[in-house]
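Raw contents of work10.cif, mmCIF, C-alpha atoms and all ligand atoms:
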```cif
data_protein
#
loop_
_atom_site.label_atom_id
_atom_site.label_comp_id
_atom_site.auth_asym_id
_atom_site.auth_seq_id
_atom_site.Cartn_x
_atom_site.Cartn_y
_atom_site.Cartn_z
CA MET J 207 76.01 -12.29 138.78
CA LEU J 208 77.78 -12.32 142.16
CA GLU J 209 76.44 -15.81 142.83
CA ARG J 210 77.75 -17.03 139.48
CA MET J 211 81.15 -15.48 140.17
CA ARG J 212 81.31 -17.17 143.56
CA LEU J 213 80.35 -20.50 142.05
CA ALA J 214 83.02 -20.09 139.37
CA ILE J 215 85.68 -19.25 141.95
CA SER J 216 84.73 -22.19 144.17
CA THR J 217 84.67 -24.60 141.24
CA LEU J 218 88.03 -23.38 139.96
CA ALA J 219 89.58 -23.75 143.40
CA LEU J 220 88.17 -27.25 143.77
CA VAL J 221 89.55 -28.27 140.39
CA ILE J 222 92.98 -26.73 141.09
CA LEU J 223 93.30 -28.23 144.52
CA GLY J 224 91.50 -31.50 143.93
CA ALA J 225 89.55 -30.96 147.12
CA GLY J 226 86.26 -32.02 145.56
CA ALA J 227 86.23 -35.31 147.40
CA ALA J 228 85.94 -33.50 150.71
CA GLN J 229 82.77 -31.65 149.75
CA SER J 230 80.43 -34.46 150.70
CA GLY J 231 79.50 -34.82 154.33
CA THR J 232 76.59 -34.61 156.70
CA PRO J 233 75.29 -31.04 156.75
CA GLY J 234 75.57 -29.32 160.09
CA GLN J 235 78.17 -31.55 161.66
CA PRO J 236 81.75 -32.66 161.07
CA SER J 237 82.35 -35.89 159.17
CA PRO J 238 85.36 -38.24 159.09
CA TRP J 239 88.24 -37.16 156.83
CA GLU J 240 86.62 -33.83 156.15
CA ILE J 241 89.25 -31.31 155.10
CA ASN J 242 86.88 -28.63 153.96
CA PHE J 243 84.32 -26.48 155.73
CA GLN J 244 81.03 -28.00 156.74
CA PRO J 245 78.44 -27.26 154.02
CA ALA J 246 77.21 -23.68 154.34
CA ALA J 247 73.68 -23.06 155.59
CA THR J 248 73.69 -19.25 155.59
CA PRO J 249 74.66 -16.55 153.05
CA ILE J 250 77.49 -15.41 155.36
CA MET J 251 79.03 -18.89 155.43
CA GLU J 252 78.73 -19.11 151.63
CA PHE J 253 80.61 -15.82 151.43
CA ILE J 254 83.28 -17.10 153.85
CA GLU J 255 83.71 -20.23 151.70
CA THR J 256 84.03 -18.23 148.49
CA PHE J 257 86.51 -15.85 150.11
CA HIS J 258 88.50 -18.79 151.44
CA PHE J 259 88.71 -20.37 147.97
CA TRP J 260 89.59 -17.01 146.43
CA LEU J 261 92.53 -16.71 148.86
CA LEU J 262 93.49 -20.31 148.13
CA ILE J 263 93.69 -19.53 144.40
CA ILE J 264 95.78 -16.42 145.03
CA ILE J 265 98.27 -18.08 147.36
CA THR J 266 98.55 -21.10 145.05
CA VAL J 267 99.36 -18.93 142.03
CA VAL J 268 101.85 -16.84 144.06
CA MET J 269 103.50 -19.95 145.46
CA ILE J 270 103.85 -21.60 142.03
CA PHE J 271 105.23 -18.38 140.52
CA VAL J 272 107.81 -17.87 143.29
CA THR J 273 108.89 -21.53 143.17
CA ILE J 274 109.42 -21.43 139.40
CA LEU J 275 111.33 -18.15 139.73
CA LEU J 276 113.60 -19.59 142.44
CA ILE J 277 114.33 -22.74 140.48
CA TYR J 278 115.07 -20.68 137.36
CA VAL J 279 117.45 -18.39 139.29
CA MET J 280 119.25 -21.34 140.87
CA ILE J 281 119.82 -23.04 137.52
CA ARG J 282 120.40 -20.06 135.24
CA PHE J 283 122.38 -17.78 137.54
CA ASN J 284 124.57 -20.01 139.68
CA ALA J 285 128.37 -19.40 139.65
CA LYS J 286 129.03 -22.25 137.24
CA SER J 287 126.54 -21.39 134.50
CA ASN J 288 126.89 -17.61 134.93
CA PRO J 289 130.55 -16.93 135.82
CA LYS J 290 130.40 -13.21 134.96
CA PRO J 291 127.52 -11.74 136.95
CA SER J 292 125.73 -8.67 135.69
CA LYS J 293 126.42 -5.37 137.50
CA VAL J 294 122.89 -4.02 136.95
CA THR J 295 121.34 -2.64 140.15
CA HIS J 296 118.22 -0.85 138.90
CA ASN J 297 115.51 -1.59 136.42
CA THR J 298 112.63 0.84 136.54
CA LEU J 299 110.15 -1.35 134.71
CA ILE J 300 110.73 -4.37 136.97
CA GLU J 301 110.59 -2.21 140.09
CA VAL J 302 107.26 -0.72 139.04
CA VAL J 303 105.90 -4.16 138.18
CA TRP J 304 106.92 -5.78 141.47
CA THR J 305 105.33 -2.92 143.38
CA VAL J 306 102.12 -2.62 141.39
CA ILE J 307 101.27 -6.34 141.12
CA PRO J 308 101.38 -6.99 144.90
CA VAL J 309 99.27 -3.85 145.44
CA VAL J 310 96.70 -5.17 142.95
CA ILE J 311 96.71 -8.56 144.72
CA LEU J 312 96.22 -6.90 148.14
CA VAL J 313 93.36 -4.76 146.83
CA GLY J 314 91.81 -7.91 145.34
CA ILE J 315 91.94 -9.43 148.83
CA ALA J 316 90.91 -6.30 150.74
CA ILE J 317 87.69 -5.60 148.82
CA PRO J 318 85.92 -8.94 149.50
CA SER J 319 87.47 -9.04 152.98
CA PHE J 320 85.95 -5.71 154.04
CA ARG J 321 82.67 -6.58 152.32
CA LEU J 322 82.50 -9.80 154.38
CA LEU J 323 83.41 -8.02 157.63
CA TYR J 324 80.74 -5.43 156.96
CA ASP J 325 78.09 -8.09 156.26
CA GLN J 326 79.01 -9.92 159.45
CA LEU J 327 79.18 -6.91 161.75
CA ASP J 328 76.39 -4.76 160.37
CA LEU J 329 73.43 -6.45 162.01
CA PRO J 330 70.28 -6.39 159.89
CA ALA J 331 66.89 -5.79 161.52
CA GLY J 332 66.05 -9.21 162.89
CA ASP J 333 62.84 -11.20 162.63
CA LEU J 334 63.64 -12.84 165.94
CA THR J 335 66.08 -12.46 168.82
CA VAL J 336 67.49 -15.31 170.84
CA LYS J 337 69.89 -15.00 173.71
CA ALA J 338 72.60 -17.54 174.47
CA THR J 339 74.29 -17.47 177.86
CA GLY J 340 77.34 -19.60 178.51
CA THR J 341 77.12 -20.48 182.19
CA ALA J 342 79.60 -21.27 184.91
CA GLN J 343 78.20 -24.83 184.95
CA TRP J 344 79.39 -25.38 181.36
CA THR J 345 75.95 -25.36 179.78
CA TRP J 346 74.22 -23.00 177.40
CA THR J 347 71.06 -21.25 178.51
CA TYR J 348 68.83 -20.07 175.68
CA SER J 349 66.09 -17.51 176.00
CA TYR J 350 63.61 -15.93 173.63
CA PRO J 351 63.27 -12.34 174.86
CA ASP J 352 60.73 -11.24 172.24
CA ASN J 353 58.56 -14.35 172.59
CA GLY J 354 57.62 -14.19 176.24
CA GLY J 355 61.11 -14.36 177.66
CA PHE J 356 61.07 -18.06 178.56
CA SER J 357 64.44 -19.70 178.89
CA PHE J 358 65.88 -23.19 179.20
CA ASP J 359 69.19 -24.99 179.64
CA SER J 360 70.77 -27.04 176.92
CA ASN J 361 72.91 -29.95 178.11
CA MET J 362 74.98 -32.46 176.20
CA LEU J 363 73.49 -35.94 175.96
CA GLN J 364 75.56 -38.67 177.58
CA ASP J 365 76.34 -41.84 175.64
CA ASN J 366 73.48 -43.78 177.24
CA GLU J 367 70.98 -40.99 176.48
CA ARG J 368 71.72 -40.63 172.80
CA LYS J 369 69.62 -42.10 169.99
CA PRO J 370 71.70 -43.98 167.37
CA ASP J 371 71.48 -41.16 164.82
CA GLN J 372 72.58 -38.47 167.24
CA PRO J 373 76.25 -37.49 167.08
CA ARG J 374 78.48 -38.02 170.10
CA LEU J 375 79.60 -34.90 172.02
CA LEU J 376 77.26 -32.77 169.91
CA ALA J 377 73.68 -33.85 170.60
CA VAL J 378 71.85 -32.01 173.38
CA ASP J 379 68.63 -32.42 175.33
CA ASN J 380 67.09 -29.05 174.47
CA GLU J 381 68.04 -27.57 171.13
CA LEU J 382 67.92 -23.93 170.15
CA VAL J 383 64.97 -23.85 167.72
CA VAL J 384 64.70 -21.16 165.04
CA PRO J 385 62.60 -20.65 161.90
CA VAL J 386 64.08 -21.13 158.42
CA ASN J 387 64.80 -18.13 156.16
CA LYS J 388 64.39 -15.65 158.99
CA ILE J 389 67.03 -13.28 160.24
CA VAL J 390 67.88 -14.37 163.76
CA ARG J 391 69.80 -11.98 165.96
CA VAL J 392 71.80 -13.79 168.59
CA GLN J 393 72.70 -12.03 171.80
CA VAL J 394 75.56 -13.77 173.53
CA THR J 395 76.84 -13.35 177.04
CA GLY J 396 78.64 -15.33 179.73
CA GLU J 397 78.04 -16.09 183.34
CA GLY J 398 81.23 -16.29 185.38
CA ILE J 399 83.35 -17.76 182.57
CA ILE J 400 84.20 -16.67 179.05
CA HIS J 401 82.81 -19.08 176.45
CA SER J 402 82.35 -18.71 172.72
CA PHE J 403 79.20 -19.37 170.74
CA SER J 404 80.09 -20.92 167.42
CA VAL J 405 78.18 -22.74 164.67
CA PRO J 406 80.47 -23.55 161.72
CA SER J 407 77.76 -24.03 159.05
CA PHE J 408 76.32 -20.62 159.91
CA GLY J 409 79.71 -18.90 159.81
CA ILE J 410 79.29 -17.43 163.29
CA LYS J 411 81.65 -17.39 166.25
CA ILE J 412 81.35 -14.83 168.99
CA ASP J 413 82.66 -14.67 172.55
CA ALA J 414 80.31 -15.04 175.51
CA ILE J 415 81.77 -12.63 178.03
CA PRO J 416 80.39 -12.02 181.53
CA GLY J 417 79.03 -8.49 181.84
CA ARG J 418 78.99 -7.87 178.13
CA LEU J 419 76.29 -8.46 175.54
CA ASN J 420 77.73 -9.44 172.16
CA GLU J 421 75.53 -9.70 169.13
CA THR J 422 75.70 -11.58 165.86
CA TRP J 423 73.16 -12.84 163.34
CA PHE J 424 72.39 -15.62 160.92
CA LYS J 425 69.78 -16.52 158.35
CA ALA J 426 69.59 -20.29 157.95
CA GLU J 427 68.34 -21.16 154.48
CA ARG J 428 67.88 -24.88 154.96
CA GLU J 429 65.95 -26.79 157.57
CA GLY J 430 67.89 -29.27 159.63
CA ILE J 431 70.03 -29.52 162.69
CA TYR J 432 73.32 -27.69 162.90
CA TYR J 433 75.92 -28.33 165.54
CA GLY J 434 78.63 -26.20 167.04
CA GLN J 435 80.82 -26.22 170.10
CA CYS J 436 82.06 -23.76 172.68
CA SER J 437 85.12 -22.33 170.99
CA GLN J 438 86.90 -20.60 173.84
CA LEU J 439 89.00 -22.69 176.23
CA CYS J 440 86.74 -22.20 179.21
CA GLY J 441 87.79 -24.88 181.67
CA ARG J 442 86.95 -28.34 182.90
CA ASN J 443 83.94 -29.11 180.70
CA HIS J 444 84.91 -27.09 177.68
CA ALA J 445 84.59 -30.11 175.39
CA TYR J 446 81.17 -31.02 176.73
CA MET J 447 79.06 -27.96 176.04
CA PRO J 448 77.93 -28.37 172.42
CA ILE J 449 75.53 -26.07 170.63
CA ALA J 450 72.67 -27.57 168.64
CA VAL J 451 70.46 -25.38 166.49
CA ARG J 452 67.35 -26.86 164.93
CA VAL J 453 66.08 -24.94 161.93
CA VAL J 454 62.41 -25.62 161.25
CA SER J 455 59.59 -24.28 159.08
CA GLU J 456 57.71 -21.21 160.26
CA GLN J 457 54.63 -23.29 161.18
CA ALA J 458 56.70 -25.81 163.11
CA PHE J 459 58.44 -22.95 164.90
CA ALA J 460 55.12 -21.37 165.90
CA ALA J 461 53.92 -24.73 167.23
CA TRP J 462 57.19 -25.25 169.11
CA LEU J 463 56.90 -21.75 170.62
CA GLU J 464 53.45 -22.52 172.00
CA ASP J 465 54.70 -25.73 173.61
CA ALA J 466 57.90 -24.14 174.85
CA LYS J 467 56.09 -21.21 176.48
CA LYS J 468 54.10 -23.69 178.58
CA LYS J 469 56.95 -26.09 179.19
CA TYR J 470 59.55 -23.55 180.25
CA SER J 471 57.47 -20.78 181.80
CA SER J 472 57.65 -22.41 185.21
CA VAL J 473 61.43 -22.70 185.22
CA PRO J 474 62.47 -21.55 188.68
CA GLY J 475 64.86 -18.66 189.02
CA VAL J 476 63.95 -17.02 185.72
CA ASP J 477 62.50 -13.55 185.96
CA PRO J 478 60.51 -12.78 182.77
CA ALA J 479 60.88 -9.01 183.37
CA MET J 480 64.64 -9.38 183.40
CA MET J 481 64.51 -11.40 180.18
CA ALA J 482 62.30 -8.80 178.51
CA SER J 483 64.86 -6.09 179.23
CA ALA J 484 67.36 -8.06 177.17
CA THR J 485 65.51 -6.95 174.02
CA ALA J 486 66.99 -3.47 174.41
CA PRO J 487 69.55 -2.83 171.68
CA ALA J 488 73.07 -3.72 172.68
CA ARG J 489 75.75 -1.07 172.91
CA ARG J 490 78.74 -2.02 170.83
CU CU N 1 82.89 -22.86 177.12
#
```
Have the structure of the file written as structure tokens, please.
Ligand SMILES: [Cu+2]
Amino acid sequence: MLERMRLAISTLALVILGAGAAQSGTPGQPSPWEINFQPAATPIMEFIETFHFWLLIIITVVMIFVTILLIYVMIRFNAKSNPKPSKVTHNTLIEVVWTVIPVVILVGIAIPSFRLLYDQLDLPAGDLTVKATGTAQWTWTYSYPDNGGFSFDSNMLQDNERKPDQPRLLAVDNELVVPVNKIVRVQVTGEGIIHSFSVPSFGIKIDAIPGRLNETWFKAEREGIYYGQCSQLCGRNHAYMPIAVRVVSEQAFAAWLEDAKKKYSSVPGVDPAMMASATAPARR
């Protein structure tokens, strides 16, 4: 029911605004001339899209109504066509109407808005926790506290390191790998500098603040690779610290975990005990 309503709202908005052409694009990354959101890969992002289109419908209708009203007033009630102005100062019916209708509109905005906020901020019990640390060297460090606590750095690929199908300024050497259709809790913190962990197709954006552990979540419903960027002006290499999340099947994730545990366990400077303590629930 809710799904059908959302689909109807989105379709209506697309028809009204003629934005249908912008819907196509490569999932998980921006595409040229895109004026819409990147295609949603999580239920939260679908909700954000629907809410966005709902607002677009409301503001379009309000704007058209006010414009017509203004034009009508300018033509019908200017000094030339209406030389003897009315002395009426009160009209109870109109006053009630112009109070009640805006209230109804605001309630129609508030209900889905609070619902969305609640869904975003009320973290469900996760199937998996990953931790993303934005470092002072403008890289992301990812760790898997409930899978042995290994961690690794993720660096942007330079132009000479990229394969032809990898996007510029977005592709990285070590991607954050997560299983499909699982609830992933993301713990986010900073080291020395404030960054922001953001993946548009997942509908998540949360600050990475030194000394503070922020938490968000996503449930990617389609396999693939999804890109994001640091979204807090953090300094010199702000534009060069992309986020790449690879969503894979459960089997592929298990296989990757086995490899990763061996590959990254010997990373110097990482204390597994310290990583394990990161699984403690965050205070918000
Ligand atoms: Cu940053």
(request) Report the distance between CA of Val390 in chain J and CA of Lys425 in chain J in Å, rounded to one decimal place. (result)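 Distance reported for this atom pair: 6.1 Å.
Among the candidates J:Lys411, J:Arg282, J:Arg442, J:Lys369, the residue lying nearest to ligand CU 1 (chain N) is J:Arg442 (atoms considered: all atoms listed in the file).
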Any idea what's packed within 12 Å of Thr232 in chain J, counting only C-alpha atoms, ignoring anything in its chain fewer than 4 positions away? Could you give it as a tab-separated table (two decimals) with C-alpha atoms, keeping the file's coordinate frame?
```tsv
chain	number	residue	atom	x	y	z
J	228	ALA	CA	85.94	-33.50	150.71
J	236	PRO	CA	81.75	-32.66	161.07
J	237	SER	CA	82.35	-35.89	159.17
J	238	PRO	CA	85.36	-38.24	159.09
J	239	TRP	CA	88.24	-37.16	156.83
J	240	GLU	CA	86.62	-33.83	156.15
J	243	PHE	CA	84.32	-26.48	155.73
J	244	GLN	CA	81.03	-28.00	156.74
J	245	PRO	CA	78.44	-27.26	154.02
J	246	ALA	CA	77.21	-23.68	154.34
J	247	ALA	CA	73.68	-23.06	155.59
J	371	ASP	CA	71.48	-41.16	164.82
J	372	GLN	CA	72.58	-38.47	167.24
J	373	PRO	CA	76.25	-37.49	167.08
J	407	SER	CA	77.76	-24.03	159.05
J	430	GLY	CA	67.89	-29.27	159.63
J	431	ILE	CA	70.03	-29.52	162.69
J	432	TYR	CA	73.32	-27.69	162.90
J	433	TYR	CA	75.92	-28.33	165.54
```
(request) Calculate how many Å separate CA of His296 in chain J from CA of Val272 in chain J, rounding to one decimal. (result)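 Rounded to one decimal, the two atoms are 20.4 Å apart.
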(request) Grab me every residue within 8 Å of ligand CU 1 (chain N), counting only C-alpha atoms and all ligand atoms, and send it over as a ChimeraX atom specification. (result) /J:340,344-345,399-402,436-441,443-445,447
Counting all atoms listed in the file, give me one row per residue of range 351-398 of chain J with an atom at most 10 Å from an atom of range 453-475 of chain J, showing the shortest contact pair and its distance in Å to one decimal, sorted by chain then residue number, as a tab-separated table.
```
residue	atom	partner	partner_atom	distance
J:Asn353	CA	J:Leu463	CA	7.8
J:Gly354	CA	J:Lys467	CA	7.2
J:Gly355	CA	J:Ser471	CA	8.5
J:Phe356	CA	J:Ser471	CA	5.6
J:Ser357	CA	J:Tyr470	CA	6.4
J:Phe358	CA	J:Tyr470	CA	6.4
J:Asp359	CA	J:Tyr470	CA	9.8
J:Glu381	CA	J:Val453	CA	9.8
J:Leu382	CA	J:Val453	CA	8.5
J:Val383	CA	J:Val453	CA	6.0
J:Val384	CA	J:Val453	CA	5.1
J:Pro385	CA	J:Val454	CA	5.0
J:Val386	CA	J:Ser455	CA	5.5
J:Asn387	CA	J:Ser455	CA	8.6
J:Lys388	CA	J:Glu456	CA	8.8
```
(message) So that I can see what lies close to range 325-338 of chain J, please list as a PyMOL selection string the residues with an atom at most 8 Å from it, counting all atoms listed in the file and leaving out residues fewer than 3 positions away in the same chain.
(response) chain J and resi 250+321-322+346-352+388-395+403+422-423+485
(message) Residues near Met362 in chain J, anyone? I mean within 7 Å using only C-alpha atoms, not counting same-chain ones fewer than 6 positions away, as a PyMOL selection string.
(response) chain J and resi 375-379+446-448
(message) Please compute the CA of Asn361 in chain J-CA of Thr339 in chain J distance, one decimal, in Å.
(response)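 Separation of CA of Asn361 in chain J and CA of Thr339 in chain J: 12.6 Å.
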(request) Choose the residue, out of J:Leu312, J:Val302, J:Pro318, J:Ile274, that has the smallest atom-to-atom separation from His258 in chain J; count only C-alpha atoms. (result) J:Pro318
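Among J:Leu323, J:Ala285, J:Met269, J:Thr256, the residue with the shortest atom-to-atom distance to Arg210 in chain J, counting all atoms listed in the file, is J:Thr256.
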(message) Could you check the closest approach to Phe259 in chain J for each of J:Leu275, J:Ala214, J:Met280, J:Leu299 and tell me which residue wins, using only C-alpha atoms?
(response) J:Ala214
Please give the centre and size of the box around range 437-446 of chain J (axis-aligned, containing every atom listed in the file, 8 Å added per side), with values in Å to one decimal and written as lines of an AutoDock Vina configuration file.
```
center_x = 85.1
center_y = -25.8
center_z = 176.9
size_x = 23.8
size_y = 26.4
size_z = 27.9
```
